[in-house]
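What follows is a short report on a single structure.
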Amino acid sequence: MIRKKLVAGALILAMTVALGGCGGTTKKEDSKDTPVATEANGAAGGLKDAFADDFTVGVAINTYQLTDSDKLEIIQKDFNSITMENEMKPENILDQAGSEGQSDGMPRIKTDNLESILKLAKDNGFKLRGHTLVWHSQTPDWFFRKDYEASNDYVDKDTMSKRMESYIKQVLTFCQEKYPGVVYAWDVVNEAMGDGGGFRTEGSGWYDIFGEEFIEKAFTYARKYADKDVKLFYNDYNSYEASKRNMIFATVSKLKEKNLIDGIGMQSHWDMEYPSVDNIETAIEKFSEIKGIEIQLTEIDMHNTDDSDEGLKAQAARYKEIFTMLKNMDKKGANITNVTFWGLQDDVTWLSSFKGEESFPLLFDADGKAKPVYNSLMEVAKAK
Ligand code: XIL
């Protein structure tokens, strides 16, 4: 029965992908033979079980990976949380043609692929981190413009505020009504801080129209429409850099006082040298000063161009050091509730194109074989 349902879901998704319903990834696989889903739902003994006392363990994926039986088996064994790498971003949900010419002036959303994702997550027993609602990137420019036309001027604050509310309401309500409990957290606002201190001002329709006000606005609407137990996060990269760390701390503290936020997502795109374990620890300590705040490491990867035995051993050692610290911090009272890896296998990582060189940042190699880092994380999990 379960198997039948999964195969049907897999086929719908294969069709969606073929029709271009998926967001881009750095390396998309050619469509495989007829996808067959496995019944090995949540086999024990993986990372998710090893870290059960510490935090949930997640992975960023694309739906086509859930329709490949080998990958699904790994995902189910090791992970109990998933994030869609691209498919739940505004550019893949907002419907330009549907939004144009509506008498209420509000945007329309595309729900077919969203529904497939929610169904797949539910059928396979995964909880889903929603990524992401309000972001300067991967949000179409036309969304901010009069009549939803990219060549027009920006709309005014009041209109944009209504569009924002409508978008957040529609997405949250769709997820919650169709598949209650599946999406357990949302990255409500992503990357609103600038790199050199202050708020991000460049390349953001949100900032252009509202200034920094858009941050609190987004959380206000998300809180208004989110089910009670759905957690709301602010998510950013380089959150351990002093200026960004302090901006995040100040902004989230204010939101927390108003009960508009539940957690901080530290993206965690690391490389072999930076950041230091201390940098990360200091940021976690700082964020933990905000009473009741959850911390999740939402997009972990470690850029590494050396896949020789030595290179992979060095990577395993660095991952081990960081995870030992995370586990200790969690035991000492930092409320780290999830760690999520930004990809499953080294052949599907955004880093190779982002960095312009082949990267081997993840836990599994291109053949789905566990790399040395996998065992080093198991050792951390099992250590007292
Ligand atoms: C990346 C995806 O991995 C790529 O496939 C896409 O082309 C661009 O976005 N911070 C985030 C993620 O919050 O959404 C980004 O994901 C990586 C950086």
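In the structure tokens, each chain is lettered A, B, ... as it comes, each chain's residues begin at 1, and ligands are numbered from 1 in order of appearance.
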### Message
Taking only C-alpha atoms and all ligand atoms and a cut-off of 10 Å, can you tell me which residues surround ligand 1, written as a PyMOL selection string?
### Response
chain A and resi 23-28+60-62+83-89+131-132+135+137-138+187+189-191+235-237+265-269+298-300+342-343+348-351+353-354
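Omitting segment 108-113 of chain A and its sequence neighbours fewer than 3 positions away, and counting only C-alpha atoms, the residues within 6 Å are Ile93, Leu94, Asp95, Gly98, Ser99 and Ser116 of chain A.
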File of the preceding selection, C-alpha atoms, as a CSV table (one decimal), in the first residue's frame:
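result_30.csv, written as the output of this step:
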```csv
chain,number,residue,atom,x,y,z
A,93,ILE,CA,5.7,29.3,-6.0
A,94,LEU,CA,4.6,32.7,-7.3
A,95,ASP,CA,2.4,32.6,-10.4
A,98,GLY,CA,-2.2,34.0,-12.5
A,99,SER,CA,-1.4,37.2,-10.5
A,116,SER,CA,3.6,16.9,-4.3
```
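Among the candidates A:Ala121, A:Ile280, A:Ala317, A:Ile336, the one nearest to Phe55 of chain A when counting only C-alpha atoms is A:Ile336.
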### Task
Using DSSP on the backbone, list every residue of segment 110-240 of chain A that comes out as strand (DSSP E), and give them as a list of chain:residue names.
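Going through segment 110-240 of chain A, the strand (DSSP E) residues come out as A:Lys127, A:Leu128, A:Arg129, A:Gly130, A:His131, A:Thr132, A:Leu133, A:Val134, A:Trp135, A:Val183, A:Tyr184, A:Ala185, A:Trp186, A:Asp187, A:Val188, A:Val189, A:Asn190, A:Lys231, A:Leu232, A:Phe233, A:Tyr234, A:Asn235, A:Asp236.
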Could you take the residues named above and write them with N, CA and C atoms, as a JSON list (two decimals), in the first residue's frame?
```json
[["chain", "number", "residue", "atom", "x", "y", "z"],
["A", 127, "LYS", "N", 9.72, 15.36, 8.36],
["A", 127, "LYS", "CA", 9.26, 16.71, 8.69],
["A", 127, "LYS", "C", 9.99, 17.65, 7.75],
["A", 128, "LEU", "N", 9.35, 18.76, 7.45],
["A", 128, "LEU", "CA", 9.89, 19.66, 6.42],
["A", 128, "LEU", "C", 10.19, 21.04, 7.00],
["A", 129, "ARG", "N", 11.41, 21.55, 6.71],
["A", 129, "ARG", "CA", 11.71, 22.96, 7.03],
["A", 129, "ARG", "C", 11.28, 23.77, 5.81],
["A", 130, "GLY", "N", 10.43, 24.74, 5.99],
["A", 130, "GLY", "CA", 10.01, 25.57, 4.87],
["A", 130, "GLY", "C", 11.06, 26.63, 4.58],
["A", 131, "HIS", "N", 11.55, 26.64, 3.35],
["A", 131, "HIS", "CA", 12.63, 27.57, 2.98],
["A", 131, "HIS", "C", 12.31, 28.16, 1.62],
["A", 132, "THR", "N", 12.00, 29.37, 1.51],
["A", 132, "THR", "CA", 11.96, 30.45, 2.47],
["A", 132, "THR", "C", 10.91, 31.45, 2.04],
["A", 133, "LEU", "N", 10.37, 32.29, 2.92],
["A", 133, "LEU", "CA", 9.24, 33.15, 2.53],
["A", 133, "LEU", "C", 9.69, 34.51, 1.98],
["A", 134, "VAL", "N", 10.55, 35.20, 2.72],
["A", 134, "VAL", "CA", 10.91, 36.57, 2.33],
["A", 134, "VAL", "C", 12.43, 36.67, 2.18],
["A", 135, "TRP", "N", 12.86, 36.83, 0.93],
["A", 135, "TRP", "CA", 14.29, 36.81, 0.60],
["A", 135, "TRP", "C", 14.51, 37.75, -0.58],
["A", 183, "VAL", "N", 5.12, 20.72, 7.68],
["A", 183, "VAL", "CA", 6.11, 21.81, 7.76],
["A", 183, "VAL", "C", 6.18, 22.24, 9.22],
["A", 184, "TYR", "N", 7.33, 22.02, 9.86],
["A", 184, "TYR", "CA", 7.43, 22.30, 11.30],
["A", 184, "TYR", "C", 8.15, 23.62, 11.57],
["A", 185, "ALA", "N", 8.79, 24.18, 10.54],
["A", 185, "ALA", "CA", 9.52, 25.44, 10.75],
["A", 185, "ALA", "C", 9.58, 26.18, 9.42],
["A", 186, "TRP", "N", 9.63, 27.50, 9.49],
["A", 186, "TRP", "CA", 9.80, 28.33, 8.29],
["A", 186, "TRP", "C", 10.98, 29.26, 8.46],
["A", 187, "ASP", "N", 11.80, 29.38, 7.44],
["A", 187, "ASP", "CA", 12.73, 30.49, 7.37],
["A", 187, "ASP", "C", 11.90, 31.65, 6.85],
["A", 188, "VAL", "N", 11.42, 32.47, 7.78],
["A", 188, "VAL", "CA", 10.50, 33.55, 7.41],
["A", 188, "VAL", "C", 11.25, 34.62, 6.63],
["A", 189, "VAL", "N", 12.41, 35.01, 7.16],
["A", 189, "VAL", "CA", 13.25, 36.00, 6.46],
["A", 189, "VAL", "C", 14.64, 35.39, 6.31],
["A", 190, "ASN", "N", 15.17, 35.52, 5.11],
["A", 190, "ASN", "CA", 16.48, 34.96, 4.80],
["A", 190, "ASN", "C", 17.45, 36.08, 4.39],
["A", 231, "LYS", "N", 7.41, 26.63, 13.94],
["A", 231, "LYS", "CA", 8.45, 27.53, 14.46],
["A", 231, "LYS", "C", 8.94, 28.50, 13.38],
["A", 232, "LEU", "N", 9.13, 29.74, 13.78],
["A", 232, "LEU", "CA", 9.52, 30.80, 12.84],
["A", 232, "LEU", "C", 10.97, 31.19, 13.05],
["A", 233, "PHE", "N", 11.73, 31.17, 11.95],
["A", 233, "PHE", "CA", 13.19, 31.40, 12.02],
["A", 233, "PHE", "C", 13.64, 32.60, 11.20],
["A", 234, "TYR", "N", 14.69, 33.26, 11.70],
["A", 234, "TYR", "CA", 15.49, 34.17, 10.90],
["A", 234, "TYR", "C", 16.74, 33.39, 10.47],
["A", 235, "ASN", "N", 17.07, 33.40, 9.19],
["A", 235, "ASN", "CA", 18.15, 32.55, 8.67],
["A", 235, "ASN", "C", 19.19, 33.39, 7.93],
["A", 236, "ASP", "N", 20.49, 33.12, 8.17],
["A", 236, "ASP", "CA", 21.51, 33.91, 7.46],
["A", 236, "ASP", "C", 22.85, 33.15, 7.41]]
```
### Task
Excluding segment 369-382 of chain A and residues on its chain fewer than 4 positions from it, collect all residues at most 9 Å away from it, counting only C-alpha atoms, and give them as a list in words.
Gly46, Leu47, Ala50, Phe51, Ala52, Asp53, Asp54, Asp309, Leu312, Lys313, Ala314, Gln315, Ala316, Ala317, Arg318, Tyr319, Lys320, Glu321, Phe323, Thr324, Lys327, Gln345, Leu362, Leu363, Phe364 and Asp365 of chain A
Residues within 9 Å of Ala226 of chain A, please, as a PDB file with N, CA and C atoms, in the first residue's frame. Count only C-alpha atoms; anything in the same chain fewer than 5 positions from it doesn't count.
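Resulting contents of around.pdb:
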```pdb
ATOM      1  N   LYS A 169       0.167  34.283   3.813  1.00  0.00           N
ATOM      2  CA  LYS A 169      -1.085  33.623   4.209  1.00  0.00           C
ATOM      3  C   LYS A 169      -1.393  32.423   3.308  1.00  0.00           C
ATOM      4  N   LEU A 172       1.296  29.444   3.814  1.00  0.00           N
ATOM      5  CA  LEU A 172       1.151  28.778   5.111  1.00  0.00           C
ATOM      6  C   LEU A 172      -0.176  28.033   5.209  1.00  0.00           C
ATOM      7  N   THR A 173      -1.231  28.698   4.763  1.00  0.00           N
ATOM      8  CA  THR A 173      -2.554  28.078   4.873  1.00  0.00           C
ATOM      9  C   THR A 173      -2.636  26.820   4.005  1.00  0.00           C
ATOM     10  N   GLN A 176      -0.700  24.043   5.780  1.00  0.00           N
ATOM     11  CA  GLN A 176      -1.290  23.622   7.045  1.00  0.00           C
ATOM     12  C   GLN A 176      -2.636  22.936   6.873  1.00  0.00           C
ATOM     13  N   TYR A 221       3.198  38.772   9.963  1.00  0.00           N
ATOM     14  CA  TYR A 221       2.247  38.008   9.149  1.00  0.00           C
ATOM     15  C   TYR A 221       2.449  36.498   9.323  1.00  0.00           C
ATOM     16  N   LYS A 231       7.415  26.631  13.939  1.00  0.00           N
ATOM     17  CA  LYS A 231       8.452  27.529  14.456  1.00  0.00           C
ATOM     18  C   LYS A 231       8.939  28.503  13.379  1.00  0.00           C
ATOM     19  N   LEU A 232       9.126  29.740  13.782  1.00  0.00           N
ATOM     20  CA  LEU A 232       9.515  30.796  12.842  1.00  0.00           C
ATOM     21  C   LEU A 232      10.972  31.194  13.047  1.00  0.00           C
TER      22      LEU A 232
END
```
### Message
I want to know what sits within 12 Å of Phe210 of chain A, based on only C-alpha atoms, with residues of the same chain fewer than 2 positions away left out; could you give that as number ranges by chain?
### Response
A: 144, 154-161, 164, 201, 204-208, 212-218
### Query
Could you write out, as a ChimeraX atom specification, all the residues of segment 239-324 of chain A that DSSP marks as helix (DSSP H, G or I)?
/A:242-257,277-288,309-324
Residues as selected, C-alpha atoms, written as a PDB file, in the first residue's frame, can you do that?
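Contents of result28.pdb, as written:
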```pdb
ATOM      1  CA  ALA A 242      31.096  39.770  14.526  1.00  0.00           C
ATOM      2  CA  SER A 243      29.149  42.492  12.698  1.00  0.00           C
ATOM      3  CA  LYS A 244      26.500  40.137  11.346  1.00  0.00           C
ATOM      4  CA  ARG A 245      26.288  38.215  14.604  1.00  0.00           C
ATOM      5  CA  ASN A 246      25.577  41.433  16.484  1.00  0.00           C
ATOM      6  CA  MET A 247      23.005  42.606  13.940  1.00  0.00           C
ATOM      7  CA  ILE A 248      21.220  39.249  14.114  1.00  0.00           C
ATOM      8  CA  PHE A 249      21.360  39.304  17.905  1.00  0.00           C
ATOM      9  CA  ALA A 250      19.848  42.796  18.108  1.00  0.00           C
ATOM     10  CA  THR A 251      17.148  42.171  15.501  1.00  0.00           C
ATOM     11  CA  VAL A 252      16.097  38.771  16.812  1.00  0.00           C
ATOM     12  CA  SER A 253      16.092  40.008  20.432  1.00  0.00           C
ATOM     13  CA  LYS A 254      13.531  42.668  19.518  1.00  0.00           C
ATOM     14  CA  LEU A 255      11.396  40.207  17.579  1.00  0.00           C
ATOM     15  CA  LYS A 256      11.542  37.740  20.452  1.00  0.00           C
ATOM     16  CA  GLU A 257      10.348  40.359  22.929  1.00  0.00           C
ATOM     17  CA  VAL A 277      35.358  26.347  15.802  1.00  0.00           C
ATOM     18  CA  ASP A 278      35.634  29.228  18.269  1.00  0.00           C
ATOM     19  CA  ASN A 279      33.866  31.623  15.885  1.00  0.00           C
ATOM     20  CA  ILE A 280      30.887  29.291  15.662  1.00  0.00           C
ATOM     21  CA  GLU A 281      30.867  28.622  19.398  1.00  0.00           C
ATOM     22  CA  THR A 282      30.932  32.334  20.226  1.00  0.00           C
ATOM     23  CA  ALA A 283      27.959  32.986  17.956  1.00  0.00           C
ATOM     24  CA  ILE A 284      25.962  30.121  19.469  1.00  0.00           C
ATOM     25  CA  GLU A 285      26.764  31.408  22.957  1.00  0.00           C
ATOM     26  CA  LYS A 286      25.642  34.885  22.002  1.00  0.00           C
ATOM     27  CA  PHE A 287      22.402  33.757  20.346  1.00  0.00           C
ATOM     28  CA  SER A 288      21.653  31.546  23.352  1.00  0.00           C
ATOM     29  CA  ASP A 309      42.182  10.046   0.983  1.00  0.00           C
ATOM     30  CA  GLU A 310      44.119  12.693   2.801  1.00  0.00           C
ATOM     31  CA  GLY A 311      41.768  15.510   1.812  1.00  0.00           C
ATOM     32  CA  LEU A 312      38.723  13.569   2.905  1.00  0.00           C
ATOM     33  CA  LYS A 313      40.365  12.629   6.204  1.00  0.00           C
ATOM     34  CA  ALA A 314      41.155  16.272   6.902  1.00  0.00           C
ATOM     35  CA  GLN A 315      37.555  17.169   6.142  1.00  0.00           C
ATOM     36  CA  ALA A 316      36.309  14.413   8.451  1.00  0.00           C
ATOM     37  CA  ALA A 317      38.536  15.710  11.233  1.00  0.00           C
ATOM     38  CA  ARG A 318      37.246  19.271  10.855  1.00  0.00           C
ATOM     39  CA  TYR A 319      33.613  18.185  10.767  1.00  0.00           C
ATOM     40  CA  LYS A 320      34.298  16.115  13.875  1.00  0.00           C
ATOM     41  CA  GLU A 321      35.725  19.056  15.764  1.00  0.00           C
ATOM     42  CA  ILE A 322      32.777  21.259  14.903  1.00  0.00           C
ATOM     43  CA  PHE A 323      30.192  18.624  15.748  1.00  0.00           C
ATOM     44  CA  THR A 324      31.892  17.799  19.038  1.00  0.00           C
TER      45      THR A 324
END
```
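Between atom CA of Thr337 of chain A and atom CA of Gly45 of chain A there is a distance of 19.6 Å.
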### Query
At what distance in Å, to one decimal, does atom CA of Glu294 of chain A lie from atom CA of Lys258 of chain A?
15.7 Å
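Note that atom CA of Asp78 of chain A and atom CA of Val57 of chain A are 7.5 Å apart.
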